[in-house]
>>> print(open('query-v7.txt').read())   # compact mmCIF, C-alpha atoms and all ligand atoms
# COMPACT_ATOMS: atom_id res chain seq x y z
CA MET A 1 -40.85 -18.32 22.75
CA THR A 2 -37.88 -20.03 21.08
CA GLU A 3 -34.53 -19.36 22.65
CA THR A 4 -31.99 -17.95 20.20
CA LEU A 5 -28.60 -19.64 19.84
CA LEU A 6 -26.95 -16.75 21.64
CA GLU A 7 -29.42 -16.88 24.54
CA LYS A 8 -28.85 -20.61 24.82
CA LEU A 9 -25.09 -20.12 24.77
CA ASN A 10 -25.25 -17.49 27.52
CA ARG A 11 -27.54 -19.64 29.66
CA LEU A 12 -25.19 -22.63 29.35
CA LYS A 13 -22.20 -20.41 30.01
CA SER A 14 -23.63 -19.31 33.37
CA ALA A 15 -24.78 -22.82 34.27
CA ARG A 16 -21.30 -24.24 33.59
CA ASN A 17 -19.39 -21.24 34.98
CA ALA A 18 -17.62 -21.10 31.62
CA VAL A 19 -15.59 -18.41 29.91
CA ILE A 20 -15.41 -18.16 26.12
CA LEU A 21 -12.04 -17.23 24.63
CA ALA A 22 -11.80 -16.53 20.89
CA HIS A 23 -8.93 -15.73 18.58
CA ASN A 24 -8.99 -12.59 16.41
CA TYR A 25 -9.39 -14.77 13.26
CA GLN A 26 -12.63 -16.48 14.34
CA ARG A 27 -15.92 -15.93 12.50
CA ALA A 28 -17.54 -12.57 13.36
CA GLU A 29 -20.43 -14.16 15.26
CA VAL A 30 -18.03 -16.32 17.30
CA GLN A 31 -15.94 -13.26 18.23
CA ASP A 32 -19.10 -11.34 19.19
CA ALA A 33 -20.25 -14.17 21.49
CA ALA A 34 -16.89 -14.45 23.28
CA ASP A 35 -15.92 -12.97 26.66
CA TYR A 36 -12.43 -12.22 25.43
CA VAL A 37 -11.08 -11.91 21.88
CA GLY A 38 -7.36 -11.60 21.37
CA ASP A 39 -4.04 -12.75 19.97
CA SER A 40 -2.24 -15.90 21.07
CA LEU A 41 -0.35 -14.08 23.84
CA GLY A 42 -3.44 -12.34 25.21
CA LEU A 43 -5.42 -15.58 25.12
CA SER A 44 -2.68 -17.45 27.04
CA ARG A 45 -2.64 -14.71 29.68
CA GLN A 46 -6.42 -14.72 29.89
CA ALA A 47 -6.51 -18.53 30.27
CA ALA A 48 -3.85 -18.37 32.99
CA LYS A 49 -5.88 -15.95 35.13
CA THR A 50 -9.49 -17.05 34.63
CA THR A 51 -11.59 -18.01 37.64
CA ALA A 52 -14.10 -19.93 35.48
CA ASP A 53 -14.38 -23.72 35.82
CA VAL A 54 -14.64 -24.29 32.08
CA ILE A 55 -12.78 -22.63 29.20
CA LEU A 56 -14.48 -22.90 25.82
CA PHE A 57 -11.62 -22.15 23.45
CA CYS A 58 -12.52 -20.95 19.96
CA GLY A 59 -9.32 -20.96 17.96
CA VAL A 60 -7.11 -23.82 16.77
CA ASP A 61 -5.86 -26.84 18.71
CA PHE A 62 -2.48 -25.56 19.92
CA MET A 63 -4.22 -22.61 21.61
CA ALA A 64 -6.56 -24.87 23.58
CA GLU A 65 -3.61 -27.10 24.46
CA THR A 66 -1.75 -24.06 25.80
CA ALA A 67 -4.78 -23.23 27.97
CA ALA A 68 -4.95 -26.85 29.21
CA ILE A 69 -1.23 -26.77 30.05
CA LEU A 70 -1.56 -23.49 31.96
CA CYS A 71 -4.76 -24.49 33.79
CA PRO A 72 -4.58 -28.24 34.55
CA GLU A 73 -7.43 -27.91 37.06
CA LYS A 74 -9.87 -26.42 34.52
CA ARG A 75 -11.90 -28.17 31.87
CA VAL A 76 -10.83 -26.91 28.46
CA LEU A 77 -13.26 -27.57 25.60
CA VAL A 78 -13.07 -26.91 21.87
CA PRO A 79 -16.15 -26.71 19.63
CA ASP A 80 -14.56 -28.90 16.93
CA LEU A 81 -11.56 -31.23 17.10
CA HIS A 82 -10.73 -30.66 13.45
CA ALA A 83 -9.57 -27.07 13.97
CA GLY A 84 -5.82 -27.66 13.70
CA CYS A 85 -2.95 -25.47 12.51
CA PRO A 86 -1.07 -26.76 9.44
CA MET A 87 2.01 -24.76 10.44
CA ALA A 88 2.09 -26.33 13.91
CA ASN A 89 2.06 -29.74 12.22
CA MET A 90 5.17 -28.89 10.18
CA VAL A 91 7.51 -29.93 13.00
CA THR A 92 7.23 -33.00 15.22
CA ALA A 93 8.92 -33.62 18.56
CA ARG A 94 11.01 -36.35 16.91
CA GLU A 95 12.26 -33.97 14.22
CA LEU A 96 13.06 -31.37 16.83
CA ARG A 97 15.03 -33.91 18.90
CA GLN A 98 17.06 -34.74 15.75
CA LEU A 99 17.78 -31.04 15.17
CA LYS A 100 18.79 -30.58 18.81
CA ALA A 101 21.18 -33.54 18.49
CA GLN A 102 22.91 -31.67 15.64
CA HIS A 103 23.18 -28.49 17.79
CA PRO A 104 23.58 -29.77 21.34
CA GLN A 105 24.57 -26.35 22.79
CA ALA A 106 21.73 -24.40 21.18
CA LEU A 107 18.62 -23.05 22.88
CA VAL A 108 15.24 -23.82 21.31
CA VAL A 109 12.67 -21.08 20.85
CA CYS A 110 9.33 -22.41 19.75
CA TYR A 111 6.45 -20.38 18.37
CA VAL A 112 3.27 -21.17 20.32
CA ASN A 113 1.87 -22.42 17.00
CA SER A 114 3.28 -25.87 17.84
CA SER A 115 2.19 -29.07 19.56
CA ALA A 116 2.53 -29.62 23.32
CA GLU A 117 5.19 -32.27 22.57
CA VAL A 118 7.28 -29.74 20.63
CA LYS A 119 6.89 -27.17 23.43
CA ALA A 120 8.08 -29.82 25.89
CA GLU A 121 11.30 -30.14 23.85
CA SER A 122 11.84 -26.35 23.83
CA ASP A 123 13.52 -23.92 26.21
CA VAL A 124 11.14 -21.03 25.72
CA CYS A 125 8.02 -20.25 23.70
CA CYS A 126 7.15 -17.03 21.93
CA THR A 127 4.19 -15.56 20.09
CA SER A 128 4.23 -13.09 17.23
CA ALA A 129 3.73 -10.35 19.85
CA ASN A 130 6.92 -11.08 21.80
CA ALA A 131 9.28 -13.10 19.55
CA VAL A 132 11.76 -10.19 19.26
CA GLN A 133 11.90 -9.63 23.05
CA VAL A 134 12.26 -13.36 23.70
CA LEU A 135 15.27 -13.55 21.34
CA GLU A 136 16.80 -10.36 22.78
CA ARG A 137 16.84 -11.84 26.27
CA LEU A 138 18.62 -15.07 25.42
CA PRO A 139 22.32 -15.32 26.37
CA ALA A 140 24.43 -13.76 23.59
CA ASP A 141 26.86 -16.70 23.42
CA LYS A 142 24.16 -19.29 22.63
CA ASP A 143 23.07 -20.56 19.23
CA ILE A 144 19.29 -20.42 18.74
CA LEU A 145 17.01 -22.90 16.98
CA PHE A 146 13.65 -21.41 16.01
CA VAL A 147 10.66 -23.66 15.18
CA PRO A 148 8.39 -23.96 13.28
CA ASP A 149 7.75 -20.62 11.51
CA SER A 150 10.67 -19.57 9.31
CA SER A 151 8.99 -16.23 8.46
CA LEU A 152 8.48 -15.14 12.07
CA GLY A 153 11.91 -16.55 12.95
CA GLN A 154 13.60 -14.53 10.19
CA TYR A 155 11.72 -11.35 11.14
CA ALA A 156 12.53 -11.71 14.85
CA ALA A 157 16.18 -12.55 14.08
CA GLU A 158 16.56 -9.39 11.98
CA LYS A 159 14.83 -7.19 14.57
CA SER A 160 16.77 -8.57 17.53
CA GLY A 161 20.10 -8.84 15.70
CA ARG A 162 20.38 -12.50 16.80
CA LYS A 163 21.60 -15.27 14.52
CA VAL A 164 18.96 -17.99 14.34
CA ILE A 165 18.80 -21.46 12.79
CA LEU A 166 15.37 -21.62 11.13
CA TRP A 167 13.06 -24.59 10.68
CA PRO A 168 11.39 -24.49 7.23
CA GLY A 169 7.78 -24.22 8.47
CA TYR A 170 5.36 -21.52 7.34
CA CYS A 171 1.72 -20.45 7.54
CA PRO A 172 -0.05 -21.44 4.29
CA THR A 173 -2.64 -18.70 4.85
CA HIS A 174 -0.19 -15.81 5.32
CA HIS A 175 1.99 -17.08 2.47
CA ARG A 176 -0.95 -16.56 0.10
CA ILE A 177 -0.36 -12.82 0.48
CA MET A 178 2.07 -11.84 -2.31
CA ALA A 179 4.36 -8.82 -2.59
CA ASP A 180 2.42 -7.93 -5.75
CA ASP A 181 -0.82 -7.86 -3.72
CA ILE A 182 0.74 -5.16 -1.54
CA ARG A 183 1.96 -3.17 -4.55
CA LYS A 184 -1.45 -3.37 -6.22
CA ALA A 185 -3.27 -2.45 -2.99
CA ARG A 186 -0.99 0.58 -2.52
CA ALA A 187 -1.70 1.68 -6.10
CA ALA A 188 -5.46 1.26 -5.55
CA HIS A 189 -5.41 3.06 -2.17
CA PRO A 190 -2.64 5.65 -2.30
CA GLY A 191 -1.77 7.00 1.14
CA ALA A 192 -3.12 3.94 3.00
CA GLU A 193 -0.93 2.52 5.76
CA VAL A 194 0.22 -1.08 5.20
CA VAL A 195 0.22 -3.20 8.36
CA VAL A 196 1.17 -6.88 8.13
CA HIS A 197 1.66 -9.92 10.35
CA PRO A 198 5.19 -11.35 10.72
CA GLU A 199 3.98 -14.74 9.44
CA CYS A 200 3.98 -13.09 5.98
CA THR A 201 6.92 -13.74 3.62
CA SER A 202 9.97 -11.49 4.00
CA ASP A 203 9.26 -9.65 0.72
CA VAL A 204 5.77 -8.74 2.00
CA VAL A 205 7.21 -7.67 5.38
CA ALA A 206 9.77 -5.50 3.54
CA LEU A 207 6.97 -3.57 1.80
CA ALA A 208 4.97 -2.87 5.00
CA ASP A 209 4.85 0.30 7.12
CA SER A 210 4.40 -1.75 10.32
CA VAL A 211 4.65 -5.40 11.32
CA ALA A 212 2.70 -6.68 14.33
CA SER A 213 0.73 -9.52 15.91
CA THR A 214 -3.04 -9.45 15.42
CA THR A 215 -3.60 -7.43 18.60
CA GLY A 216 -0.60 -5.29 17.59
CA ILE A 217 -2.27 -4.57 14.23
CA LEU A 218 -5.42 -3.45 16.11
CA ARG A 219 -3.29 -1.10 18.23
CA VAL A 220 -1.36 0.34 15.24
CA CYS A 221 -4.60 1.06 13.35
CA ARG A 222 -6.29 2.57 16.43
CA GLU A 223 -3.37 4.88 17.20
CA SER A 224 -2.53 5.89 13.61
CA ALA A 225 -3.70 9.27 12.30
CA LYS A 226 -4.33 7.60 8.91
CA GLU A 227 -7.88 6.81 7.84
CA GLU A 228 -7.19 3.99 5.40
CA PHE A 229 -5.28 0.73 5.90
CA ILE A 230 -4.15 -2.30 3.91
CA ILE A 231 -4.12 -5.30 6.23
CA GLY A 232 -1.75 -8.19 5.55
CA THR A 233 -3.09 -10.95 7.73
CA GLU A 234 -5.91 -13.47 7.97
CA VAL A 235 -9.15 -11.76 6.93
CA GLY A 236 -10.97 -12.54 10.22
CA LEU A 237 -9.17 -9.61 11.84
CA LEU A 238 -11.06 -7.13 9.63
CA HIS A 239 -14.23 -7.68 11.68
CA ARG A 240 -12.71 -6.23 14.85
CA LEU A 241 -10.77 -3.56 12.97
CA ARG A 242 -14.00 -2.26 11.42
CA GLN A 243 -16.01 -2.66 14.63
CA GLU A 244 -13.47 -0.71 16.70
CA ASN A 245 -12.72 1.97 14.08
CA PRO A 246 -16.00 2.76 12.31
CA ALA A 247 -14.64 5.96 10.77
CA LYS A 248 -11.61 4.25 9.20
CA ARG A 249 -11.39 2.10 6.06
CA PHE A 250 -9.71 -1.31 5.92
CA HIS A 251 -8.75 -3.37 2.88
CA PRO A 252 -7.44 -6.93 3.02
CA ALA A 253 -4.05 -7.21 1.26
CA SER A 254 -5.47 -10.44 -0.19
CA PRO A 255 -8.95 -11.95 0.20
CA GLN A 256 -7.17 -15.32 -0.22
CA ALA A 257 -5.74 -15.05 3.29
CA ASP A 258 -8.64 -16.95 4.82
CA CYS A 259 -7.62 -19.75 7.21
CA PRO A 260 -10.17 -22.57 6.84
CA ASN A 261 -9.16 -24.07 10.20
CA MET A 262 -9.99 -20.88 12.07
CA LYS A 263 -13.45 -20.83 10.46
CA ILE A 264 -14.46 -24.36 11.54
CA ASN A 265 -15.96 -23.14 14.82
CA THR A 266 -19.58 -21.94 14.72
CA LEU A 267 -22.17 -20.73 17.24
CA GLU A 268 -24.03 -24.04 16.91
CA LYS A 269 -20.91 -26.02 17.79
CA MET A 270 -20.21 -23.72 20.75
CA VAL A 271 -23.71 -24.36 22.15
CA TRP A 272 -23.31 -28.07 21.59
CA ALA A 273 -19.91 -28.04 23.31
CA LEU A 274 -21.31 -26.50 26.51
CA GLU A 275 -24.43 -28.65 26.38
CA GLU A 276 -22.53 -31.94 26.07
CA MET A 277 -19.21 -30.80 27.64
CA ILE A 278 -17.33 -31.75 24.46
CA TYR A 279 -14.60 -31.83 23.20
CA PRO A 280 -12.22 -31.91 26.18
CA ILE A 281 -8.54 -31.09 25.57
CA THR A 282 -6.02 -32.67 27.90
CA VAL A 283 -2.25 -32.93 27.75
CA PRO A 284 -0.45 -35.89 29.36
CA GLN A 285 1.16 -34.82 32.64
CA PRO A 286 4.87 -35.39 31.79
CA ILE A 287 4.54 -33.40 28.57
CA ALA A 288 2.44 -30.69 30.23
CA VAL A 289 5.01 -30.15 33.00
CA LYS A 290 7.87 -29.56 30.53
CA ALA A 291 5.76 -27.53 28.09
CA ARG A 292 4.49 -25.32 30.96
CA LEU A 293 8.07 -24.33 31.78
CA ALA A 294 8.65 -23.09 28.22
CA ILE A 295 5.33 -21.19 28.20
CA GLN A 296 5.91 -19.66 31.64
CA ARG A 297 9.40 -18.48 30.65
CA MET A 298 7.74 -16.66 27.76
CA LEU A 299 5.04 -15.11 29.99
CA GLU A 300 7.79 -13.78 32.30
CA VAL A 301 9.57 -12.05 29.39
CA ALA A 302 6.75 -10.07 27.83
P1 LIG A 401 -1.42 -13.88 16.77
O1 LIG A 401 -2.82 -13.53 17.08
O2 LIG A 401 -0.71 -14.26 18.01
O3 LIG A 401 -0.75 -12.81 16.01
O4 LIG A 401 -1.51 -15.24 15.94
C1 LIG A 401 -1.45 -15.43 14.63
C2 LIG A 401 -1.87 -16.77 14.20
O5 LIG A 401 -1.68 -17.14 13.08
C3 LIG A 401 -2.57 -17.65 15.08
O6 LIG A 401 -2.90 -18.79 14.38
FE1 LIG A 402 -2.11 -21.84 11.54
FE2 LIG A 402 -1.79 -19.85 9.80
FE3 LIG A 402 -4.23 -20.74 10.31
FE4 LIG A 402 -2.87 -19.35 12.17
S1 LIG A 402 -3.59 -18.59 10.20
S2 LIG A 402 -4.04 -21.24 12.46
S3 LIG A 402 -0.78 -20.04 11.76
S4 LIG A 402 -2.54 -21.89 9.35
>>> encode(input="query-v7.txt", output="structure tokens")
Amino acid sequence: MTETLLEKLNRLKSARNAVILAHNYQRAEVQDAADYVGDSLGLSRQAAKTTADVILFCGVDFMAETAAILCPEKRVLVPDLHAGCPMANMVTARELRQLKAQHPQALVVCYVNSSAEVKAESDVCCTSANAVQVLERLPADKDILFVPDSSLGQYAAEKSGRKVILWPGYCPTHHRIMADDIRKARAAHPGAEVVVHPECTSDVVALADSVASTTGILRVCRESAKEEFIIGTEVGLLHRLRQENPAKRFHPASPQADCPNMKINTLEKMVWALEEMIYPITVPQPIAVKARLAIQRMLEVA
């Protein structure tokens, strides 16, 4: 009898003592095959505590790098090396050093959607789930540089009441969601709750009922008494929302919010990765040591 892809994946997973971590935006079949599906914060925590020898990371490159930084003794694999994050590429370590030279007293908060080199130049990391708390805990007399996401930075600055110098990076996928999309969706689904990700533009955020990370959106929708929701984030999250809330209805704010990088990983590539032990992600030691400090400071906050 022919072994299905899923059976093959599970057999290889046991043979390699591997754990599969997948982000909430991955293809439905990739999420369903994973041991843990979550947001960037949850995935970092999961990577930090796994007892597996191998982590197969289904997400984009900075997430696998974070896992490699937190678990230098594990083998971290990605199914495809081309799954990068355009927003993370919007700031380089060199550019950040230049910005720091202009603000020598400032502290640098870097969104985890960034390279290991940028994290190594930063004081503390944050994710969309804890950016507000990270800002709130920084000394009140310090200036703050926030890289690379200007939308998350602006949202977290407003929520925490902190003044922040923003880097002009943004998520091309979330910026496809327009304020008009929200208005039209509200008109088409009166009474629906609007829940959006803080990577959306500030005019979209201003029209939402709640703003949260991907796992936060799952929690809001689970706990809400409403039965219908308009979701302002990457469309991959709708799979879990529908799976976990079969009696509720979910509408994407925009079907255009589809991140091609997140969809590069497939079941075939996952099988191949565990078969061939490809593609390994490693971070050079001096960079990893500094970047780990910034990530660990974040994990201590929230
Ligand atoms: P979160 O799951 O942390 O909200 O991440 C959003 C994102 O865009 C990751 O690429
Ligand atoms: Fe990067 Fe945006 Fe895609 Fe997330 S959704 S990987 S932030 S481009």
>>> residues_near_ligand(input="query-v7.txt", ligand="ligand LIG 401 (chain A)", cutoff="6 Å", atoms="all atoms listed in the file", output="MDAnalysis selection string")
chainID A and resid 39:41 127:128 213:214
>>> atom_distance(input="query-v7.txt", atom1="atom CA of Ala106 of chain A", atom2="atom CA of Ala48 of chain A")
28.8 Å
>>> residues_around(input="query-v7.txt", residues="His175 of chain A", least_positions_apart="5", cutoff="10 Å", atoms="all atoms listed in the file", output="PyMOL selection string")
chain A and resi 151+170+199-202+204+233+256-257
>>> write_last_selection(input="query-v7.txt", atoms="C-alpha atoms", output="mmCIF file, in the coordinates of the input")
data_model
loop_
_atom_site.group_PDB
_atom_site.id
_atom_site.type_symbol
_atom_site.label_atom_id
_atom_site.label_comp_id
_atom_site.auth_asym_id
_atom_site.auth_seq_id
_atom_site.Cartn_x
_atom_site.Cartn_y
_atom_site.Cartn_z
ATOM 1 C CA SER A 151 8.990 -16.230 8.460
ATOM 2 C CA TYR A 170 5.360 -21.520 7.340
ATOM 3 C CA GLU A 199 3.980 -14.740 9.440
ATOM 4 C CA CYS A 200 3.980 -13.090 5.980
ATOM 5 C CA THR A 201 6.920 -13.740 3.620
ATOM 6 C CA SER A 202 9.970 -11.490 4.000
ATOM 7 C CA VAL A 204 5.770 -8.740 2.000
ATOM 8 C CA THR A 233 -3.090 -10.950 7.730
ATOM 9 C CA GLN A 256 -7.170 -15.320 -0.220
ATOM 10 C CA ALA A 257 -5.740 -15.050 3.290
#
>>> residues_around(input="query-v7.txt", residues="Glu244 of chain A", least_positions_apart="6", cutoff="12 Å", atoms="all atoms listed in the file", output="list in words")
Leu218, Arg219, Cys221, Arg222, Glu223, Leu237, Leu238 and Phe250 of chain A
>>> closest_atom_pairs(input="query-v7.txt", of="chain A", to="ligand LIG 402 (chain A)", cutoff="8 Å", atoms="only C-alpha atoms and all ligand atoms", output="Markdown table")
| residue | atom | partner | partner_atom | distance |
| --- | --- | --- | --- | --- |
| A:Tyr25 | CA | A:LIG402 | S1 | 7.6 |
| A:Gly59 | CA | A:LIG402 | S2 | 7.6 |
| A:Val60 | CA | A:LIG402 | S2 | 5.9 |
| A:Gly84 | CA | A:LIG402 | S2 | 6.8 |
| A:Cys85 | CA | A:LIG402 | FE1 | 3.9 |
| A:Pro86 | CA | A:LIG402 | S4 | 5.1 |
| A:Met87 | CA | A:LIG402 | FE1 | 5.2 |
| A:Ala88 | CA | A:LIG402 | FE1 | 6.6 |
| A:Asn113 | CA | A:LIG402 | S3 | 6.3 |
| A:Tyr170 | CA | A:LIG402 | S3 | 7.7 |
| A:Cys171 | CA | A:LIG402 | FE2 | 4.2 |
| A:Pro172 | CA | A:LIG402 | S4 | 5.7 |
| A:Thr173 | CA | A:LIG402 | FE2 | 5.2 |
| A:His174 | CA | A:LIG402 | FE2 | 6.2 |
| A:Glu199 | CA | A:LIG402 | S3 | 7.5 |
| A:Glu234 | CA | A:LIG402 | S1 | 6.0 |
| A:Asp258 | CA | A:LIG402 | S1 | 7.6 |
| A:Cys259 | CA | A:LIG402 | FE3 | 4.7 |
| A:Pro260 | CA | A:LIG402 | FE3 | 7.1 |
| A:Asn261 | CA | A:LIG402 | FE3 | 6.0 |
| A:Met262 | CA | A:LIG402 | S2 | 6.0 |
>>> closest_residue(input="query-v7.txt", among="A:Val91, A:Ala212, A:Ala157, A:Ala116", to="Glu136 of chain A", atoms="all atoms listed in the file")
A:Ala157
>>> residues_around(input="query-v7.txt", residues="Glu276 of chain A", least_positions_apart="5", cutoff="12 Å", atoms="all atoms listed in the file", output="list in words")
Leu12, Arg16, Leu77, Val78, Pro79, Lys269, Met270 and Val271 of chain A
>>> closest_residue(input="query-v7.txt", among="A:Leu5, A:Leu56, A:Ala28, A:Val134", to="Met277 of chain A", atoms="only C-alpha atoms")
A:Leu56
>>> atom_distance(input="query-v7.txt", atom1="atom CA of Gly216 of chain A", atom2="atom CA of Asn130 of chain A")
10.4 Å
>>> closest_residue(input="query-v7.txt", among="A:Ala253, A:Val109, A:Met178, A:Val147", to="Val194 of chain A", atoms="all atoms listed in the file")
A:Ala253
>>> closest_residue(input="query-v7.txt", among="A:Lys119, A:Arg162, A:Lys184, A:Arg176", to="Thr92 of chain A", atoms="only C-alpha atoms")
A:Lys119
